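To be precise, the following lines are structure.txt, and they hold compact mmCIF, C-alpha atoms.
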# COMPACT_ATOMS: atom_id res chain seq x y z
CA MET A 1 3.56 1.59 -5.17
CA SER A 2 2.27 0.13 -8.40
CA ARG A 3 3.25 2.99 -10.70
CA GLU A 4 6.24 2.68 -12.99
CA LYS A 5 7.58 6.08 -11.89
CA ALA A 6 7.14 8.17 -8.77
CA LYS A 7 5.42 11.51 -9.45
CA ILE A 8 7.70 14.33 -8.33
CA ALA A 9 6.68 17.87 -7.44
CA VAL A 10 9.44 20.48 -7.16
CA LEU A 11 8.84 23.53 -4.94
CA VAL A 12 10.79 26.66 -5.94
CA SER A 13 11.05 30.36 -5.15
CA GLY A 14 13.69 31.81 -7.46
CA GLY A 15 15.87 31.18 -10.49
CA GLY A 16 15.50 27.42 -10.45
CA THR A 17 19.09 26.32 -11.06
CA ASN A 18 18.55 23.18 -8.95
CA LEU A 19 15.30 22.52 -10.82
CA GLN A 20 17.27 22.77 -14.07
CA ALA A 21 19.79 20.24 -12.74
CA LEU A 22 16.87 17.88 -12.05
CA ILE A 23 15.28 18.45 -15.48
CA ASP A 24 18.66 17.74 -17.13
CA ALA A 25 19.22 14.65 -14.98
CA GLN A 26 15.80 13.31 -15.98
CA LYS A 27 16.61 13.91 -19.64
CA ASN A 28 20.01 12.22 -19.29
CA GLY A 29 18.62 9.14 -17.54
CA VAL A 30 20.13 9.86 -14.11
CA ILE A 31 16.60 10.10 -12.71
CA LYS A 32 14.71 7.12 -14.09
CA SER A 33 12.52 5.99 -11.15
CA GLY A 34 10.71 9.32 -10.95
CA GLU A 35 9.25 11.97 -13.20
CA ILE A 36 8.82 15.69 -12.49
CA SER A 37 5.12 16.22 -13.05
CA LEU A 38 4.64 19.58 -11.33
CA VAL A 39 6.58 22.70 -10.32
CA ILE A 40 5.03 24.95 -7.65
CA SER A 41 6.34 28.40 -6.78
CA ASN A 42 5.39 30.78 -3.99
CA ASN A 43 6.74 33.58 -6.20
CA PRO A 44 4.79 34.37 -9.41
CA ASP A 45 7.90 35.97 -10.94
CA ALA A 46 10.26 33.02 -10.29
CA TYR A 47 12.33 32.21 -13.38
CA ALA A 48 12.03 28.56 -12.31
CA LEU A 49 8.46 28.65 -13.68
CA LYS A 50 9.85 29.56 -17.11
CA ARG A 51 12.33 26.65 -16.91
CA ALA A 52 9.42 24.29 -16.17
CA GLU A 53 7.41 25.73 -19.05
CA ILE A 54 10.31 25.21 -21.49
CA ALA A 55 10.52 21.58 -20.30
CA SER A 56 6.70 21.15 -20.73
CA ILE A 57 6.14 20.58 -17.01
CA ASP A 58 2.89 21.74 -15.38
CA THR A 59 3.23 24.70 -13.01
CA ALA A 60 1.24 26.29 -10.21
CA VAL A 61 1.70 29.48 -8.17
CA VAL A 62 0.70 29.58 -4.51
CA ASN A 63 1.61 33.05 -3.25
CA LYS A 64 1.74 33.35 0.54
CA LYS A 65 0.52 36.96 0.27
CA ASP A 66 -2.84 35.70 -1.04
CA PHE A 67 -3.59 33.93 2.24
CA THR A 68 -4.42 35.26 5.69
CA CYS A 69 -2.17 32.76 7.48
CA ALA A 70 0.53 30.12 6.94
CA THR A 71 -1.97 27.31 7.57
CA GLU A 72 -4.19 28.40 4.67
CA PHE A 73 -1.13 28.72 2.43
CA GLU A 74 0.05 25.21 3.33
CA ASN A 75 -3.44 23.74 2.97
CA LYS A 76 -3.56 25.08 -0.59
CA LEU A 77 -0.16 23.51 -1.32
CA ILE A 78 -1.35 20.18 0.12
CA GLU A 79 -4.54 20.35 -1.95
CA ILE A 80 -2.62 20.89 -5.21
CA LEU A 81 -0.06 18.20 -4.37
CA LYS A 82 -2.79 15.67 -3.60
CA GLN A 83 -4.76 16.56 -6.74
CA ASN A 84 -1.58 15.89 -8.69
CA ARG A 85 -1.21 12.52 -6.91
CA THR A 86 2.30 13.56 -5.89
CA ASP A 87 4.47 10.78 -4.48
CA PHE A 88 7.55 12.80 -3.67
CA ILE A 89 8.45 16.48 -3.08
CA VAL A 90 11.76 18.21 -3.72
CA LEU A 91 12.43 21.61 -2.16
CA ALA A 92 14.79 23.34 -4.59
CA GLY A 93 15.43 26.82 -3.23
CA PHE A 94 11.96 27.05 -1.69
CA MET A 95 12.10 30.03 0.68
CA CYS A 96 9.29 29.03 3.04
CA ILE A 97 9.68 27.11 6.29
CA LEU A 98 7.09 24.34 6.33
CA SER A 99 5.18 23.39 9.48
CA GLU A 100 4.93 20.01 11.16
CA ASN A 101 1.40 19.65 9.76
CA PHE A 102 2.78 19.86 6.22
CA THR A 103 5.87 17.68 6.76
CA LYS A 104 3.84 14.97 8.53
CA THR A 105 1.34 14.89 5.64
CA PHE A 106 4.23 13.82 3.39
CA SER A 107 6.41 12.07 5.97
CA ASP A 108 9.69 10.72 4.47
CA ARG A 109 8.59 12.05 1.08
CA ILE A 110 10.12 15.55 1.14
CA ILE A 111 13.78 16.29 0.56
CA ASN A 112 15.77 19.51 0.51
CA VAL A 113 19.26 20.50 -0.63
CA HIS A 114 21.20 22.75 1.74
CA PRO A 115 24.44 24.51 0.71
CA SER A 116 26.65 23.36 3.59
CA LEU A 117 27.75 20.15 5.27
CA ILE A 118 25.04 19.76 7.92
CA PRO A 119 25.29 20.16 10.93
CA SER A 120 27.48 23.18 10.06
CA PHE A 121 25.86 26.49 9.03
CA CYS A 122 22.28 25.26 8.97
CA GLY A 123 18.96 25.81 10.71
CA LYS A 124 16.84 28.94 11.03
CA GLY A 125 18.26 31.98 9.24
CA PHE A 126 20.83 30.00 7.24
CA TYR A 127 19.85 30.16 3.58
CA GLY A 128 21.23 31.53 0.33
CA LEU A 129 24.40 33.61 0.53
CA ARG A 130 24.20 33.80 4.34
CA VAL A 131 25.41 30.18 4.52
CA HIS A 132 28.53 30.92 2.46
CA GLU A 133 29.21 34.17 4.32
CA ALA A 134 29.14 32.25 7.60
CA ALA A 135 31.47 29.53 6.28
CA LEU A 136 34.00 32.13 5.12
CA GLU A 137 33.70 34.15 8.34
CA TYR A 138 34.34 31.03 10.40
CA GLY A 139 37.35 30.14 8.30
CA VAL A 140 36.48 26.52 7.50
CA LYS A 141 38.61 24.94 4.80
CA VAL A 142 35.93 22.62 3.47
CA THR A 143 32.23 23.23 2.88
CA GLY A 144 29.76 21.49 0.55
CA ALA A 145 26.13 20.52 0.20
CA THR A 146 23.72 18.16 1.93
CA VAL A 147 20.53 16.52 0.71
CA HIS A 148 18.28 15.59 3.62
CA PHE A 149 14.73 14.58 4.42
CA VAL A 150 12.55 17.45 5.63
CA ASN A 151 10.83 17.46 9.01
CA GLU A 152 9.47 20.27 11.19
CA ILE A 153 12.99 21.33 12.28
CA PRO A 154 14.76 23.52 9.67
CA ASP A 155 17.55 21.38 8.16
CA GLY A 156 16.85 18.79 10.88
CA GLY A 157 15.85 15.70 8.89
CA LYS A 158 17.88 12.57 8.20
CA ILE A 159 20.83 13.06 5.84
CA ILE A 160 20.64 11.23 2.49
CA MET A 161 23.80 12.44 0.75
CA GLN A 162 26.65 14.91 1.21
CA LYS A 163 29.49 16.18 -0.98
CA ALA A 164 32.44 18.27 0.13
CA VAL A 165 33.81 21.30 -1.71
CA GLU A 166 37.14 22.92 -0.84
CA ILE A 167 37.29 26.60 -0.01
CA GLU A 168 39.91 28.44 -2.05
CA GLU A 169 42.04 31.49 -1.33
CA GLY A 170 40.21 34.69 -2.20
CA ASP A 171 36.74 33.14 -2.27
CA THR A 172 33.83 35.55 -1.94
CA PRO A 173 30.39 34.30 -0.82
CA GLU A 174 29.16 34.61 -4.44
CA VAL A 175 32.10 32.67 -5.91
CA LEU A 176 31.78 29.98 -3.24
CA GLN A 177 28.00 29.74 -3.76
CA ARG A 178 28.53 29.06 -7.46
CA ARG A 179 31.22 26.42 -6.83
CA VAL A 180 29.09 24.62 -4.23
CA MET A 181 26.20 24.54 -6.71
CA GLU A 182 28.31 23.25 -9.61
CA GLN A 183 30.45 20.76 -7.69
CA ALA A 184 27.96 19.53 -5.09
CA GLU A 185 24.30 20.58 -5.24
CA TRP A 186 23.70 19.87 -8.93
CA LYS A 187 25.43 16.50 -8.61
CA ILE A 188 23.99 15.03 -5.41
CA LEU A 189 20.42 16.36 -5.67
CA PRO A 190 19.56 14.29 -8.80
CA LEU A 191 21.30 11.22 -7.32
CA ALA A 192 19.36 11.57 -4.08
CA VAL A 193 16.08 12.02 -5.98
CA GLU A 194 16.72 8.82 -7.94
CA LYS A 195 17.67 6.95 -4.76
CA VAL A 196 14.51 7.95 -2.85
CA CYS A 197 12.20 7.42 -5.85
CA ALA A 198 13.61 3.90 -6.34
CA GLN A 199 12.99 3.18 -2.66
CA LEU A 200 9.40 4.46 -2.90
CA LEU A 201 8.70 2.28 -5.95
CA ALA A 202 10.05 -0.75 -4.09
CA LYS A 203 7.53 -0.27 -1.26

Go ahead and express the file in the form of structure tokens.
Amino acid sequence: MSREKAKIAVLVSGGGTNLQALIDAQKNGVIKSGEISLVISNNPDAYALKRAEIASIDTAVVNKKDFTCATEFENKLIEILKQNRTDFIVLAGFMCILSENFTKTFSDRIINVHPSLIPSFCGKGFYGLRVHEAALEYGVKVTGATVHFVNEIPDGGKIIMQKAVEIEEGDTPEVLQRRVMEQAEWKILPLAVEKVCAQLLAK
């Protein structure tokens, strides 16, 4: 790739705390091989869009409800990503499962952060608070976060980075969710983004 920086698109659905961690990491020089050039949300009311606006990053909304099927929805996403000349995609709390057609279009160029140590508490149905509820129900003493490449299997792609977080006495799913974000997700996601962008530039 001849560009000086990889063009990053971040896909979001909600508050955008992981997006904020990436914006801050870019500002602080942690992410230097890539630049967030676009934020796409499937939810027009996502606060993440406001975060992008504040950081002067272009945004787009692709609402699944506006399409008759998942294929049309994904084709619109692909169209926008290609128009933007996107090199690399980060799923940061994006609440849509992407098909093989989408993941193969951007093979080895999509990463996701998952709030557990894969292969524990991952796969279909494991997202948001449900992951932390399951960890507490099971009684594990250590949880954490994983950044992995995205393929057609939910949480099934190759692991890039993991960080462990200890479970403490009296933890609720909400308290644990916050600690996993602060101690793991917000730390390893920017590092993984920089690592993959640097590898893409070297190609």

### Task
Kindly give the distance, in Å, that separates CA of Leu136 (chain A) and CA of Ala192 (chain A), rounded to a single decimal.
26.9 Å

#### Entry: Shell around Ala145 (chain A) at 6 Å using all atoms listed in the file, local window under 5 positions removed, as a VMD selection string
chain A and resid 114 to 117 162 to 163 184 to 185

Where does region 31-58 of chain A meet region 87-111 of chain A within 10 Å, residue by residue, with the nearest atom pair and distance in Å to one decimal for each, counting all atoms listed in the file, listed by chain and rising number, as a tab-separated table?
residue	atom	partner	partner_atom	distance
A:Gly34	CA	A:Phe88	CA	8.7
A:Glu35	CA	A:Phe88	CA	9.7
A:Ile36	CA	A:Phe88	CA	9.4
A:Leu38	CA	A:Ile89	CA	9.6
A:Val39	CA	A:Val90	CA	9.5
A:Ile40	CA	A:Phe94	CA	9.4
A:Ser41	CA	A:Phe94	CA	7.7
A:Asn42	CA	A:Phe94	CA	7.9
A:Asn43	CA	A:Met95	CA	9.4
A:Ala48	CA	A:Ala92	CA	9.7

#### Entry: Proximity to Asn63 (chain A) - best of A:Arg51, A:Lys76, A:Lys32, A:Lys7, all atoms listed in the file
A:Lys76

### Message
Between CA of Val131 (chain A) and CA of Val193 (chain A), what distance in Å does the model show, to one decimal?
### Response
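Answer for the CA of Val131 (chain A) to CA of Val193 (chain A) separation: 23.0 Å.
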
### Query
Separation of CA of Ile167 (chain A) and CA of Lys141 (chain A), in Å?
5.3 Å

### Contacts of Lys50 (chain A) at 10 Å (all atoms listed in the file; same-chain gap of 6+ positions) as a PyMOL selection string
chain A and resi 15-16+56-57+59

#### Entry: Spatial neighbours of Lys124 (chain A), max dist 8 Å, all atoms listed in the file, sep filter under 2 positions, as an MDAnalysis selection string
chainID A and resid 122 126 154

### Query
From the list A:Val113, A:Leu129, A:Ala134, A:Val140, which residue is nearest Glu168 (chain A) when using all atoms listed in the file?
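Under the stated criterion, the closest residue is A:Val140.
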
### Query
Which residue gives the smallest distance to Leu11 (chain A) among A:Asn75, A:Gln177, A:Ser37, A:Gln83, with all atoms listed in the file counted?
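So, comparing all the options, the nearest one is A:Ser37.
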
## Note on the structure
Of A:Leu189, A:Ala198, A:Ala21, A:Val10, the one nearest to Ala60 (chain A) when counting only C-alpha atoms is A:Val10

Missing atoms in region 18-31 of chain A need filling: write out N, CA, C and O atoms for it as a short mmCIF file (atom, residue, chain, number, x, y, z; two decimals), in the frame of the given file.
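New file part-v1.cif:
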data_model
loop_
_atom_site.label_atom_id
_atom_site.label_comp_id
_atom_site.auth_asym_id
_atom_site.auth_seq_id
_atom_site.Cartn_x
_atom_site.Cartn_y
_atom_site.Cartn_z
N ASN A 18 18.64 24.58 -9.39
CA ASN A 18 18.55 23.18 -8.95
C ASN A 18 17.45 22.43 -9.71
O ASN A 18 17.60 21.25 -10.02
N LEU A 19 16.36 23.13 -10.00
CA LEU A 19 15.30 22.52 -10.82
C LEU A 19 15.87 22.14 -12.18
O LEU A 19 15.61 21.05 -12.70
N GLN A 20 16.67 23.04 -12.76
CA GLN A 20 17.27 22.77 -14.07
C GLN A 20 18.18 21.54 -14.01
O GLN A 20 18.18 20.70 -14.92
N ALA A 21 18.92 21.42 -12.92
CA ALA A 21 19.79 20.24 -12.74
C ALA A 21 18.95 18.96 -12.71
O ALA A 21 19.35 17.93 -13.27
N LEU A 22 17.76 19.04 -12.11
CA LEU A 22 16.87 17.88 -12.05
C LEU A 22 16.26 17.57 -13.43
O LEU A 22 16.17 16.42 -13.84
N ILE A 23 15.85 18.63 -14.14
CA ILE A 23 15.28 18.45 -15.48
C ILE A 23 16.33 17.79 -16.39
O ILE A 23 16.04 16.85 -17.12
N ASP A 24 17.57 18.30 -16.31
CA ASP A 24 18.66 17.74 -17.13
C ASP A 24 18.96 16.29 -16.76
O ASP A 24 19.19 15.44 -17.63
N ALA A 25 18.93 16.01 -15.45
CA ALA A 25 19.22 14.65 -14.98
C ALA A 25 18.13 13.67 -15.43
O ALA A 25 18.42 12.50 -15.73
N GLN A 26 16.90 14.15 -15.50
CA GLN A 26 15.80 13.31 -15.98
C GLN A 26 15.99 13.01 -17.47
O GLN A 26 15.84 11.88 -17.92
N LYS A 27 16.38 14.05 -18.20
CA LYS A 27 16.61 13.91 -19.64
C LYS A 27 17.78 12.96 -19.93
O LYS A 27 17.75 12.18 -20.87
N ASN A 28 18.81 13.03 -19.07
CA ASN A 28 20.01 12.22 -19.29
C ASN A 28 19.93 10.83 -18.67
O ASN A 28 20.91 10.08 -18.69
N GLY A 29 18.78 10.49 -18.08
CA GLY A 29 18.62 9.14 -17.54
C GLY A 29 19.19 8.91 -16.15
O GLY A 29 19.23 7.78 -15.66
N VAL A 30 19.64 9.99 -15.50
CA VAL A 30 20.13 9.86 -14.11
C VAL A 30 18.93 9.59 -13.20
O VAL A 30 18.98 8.74 -12.30
N ILE A 31 17.85 10.35 -13.44
CA ILE A 31 16.60 10.10 -12.71
C ILE A 31 15.72 9.26 -13.62
O ILE A 31 15.24 9.74 -14.65
#
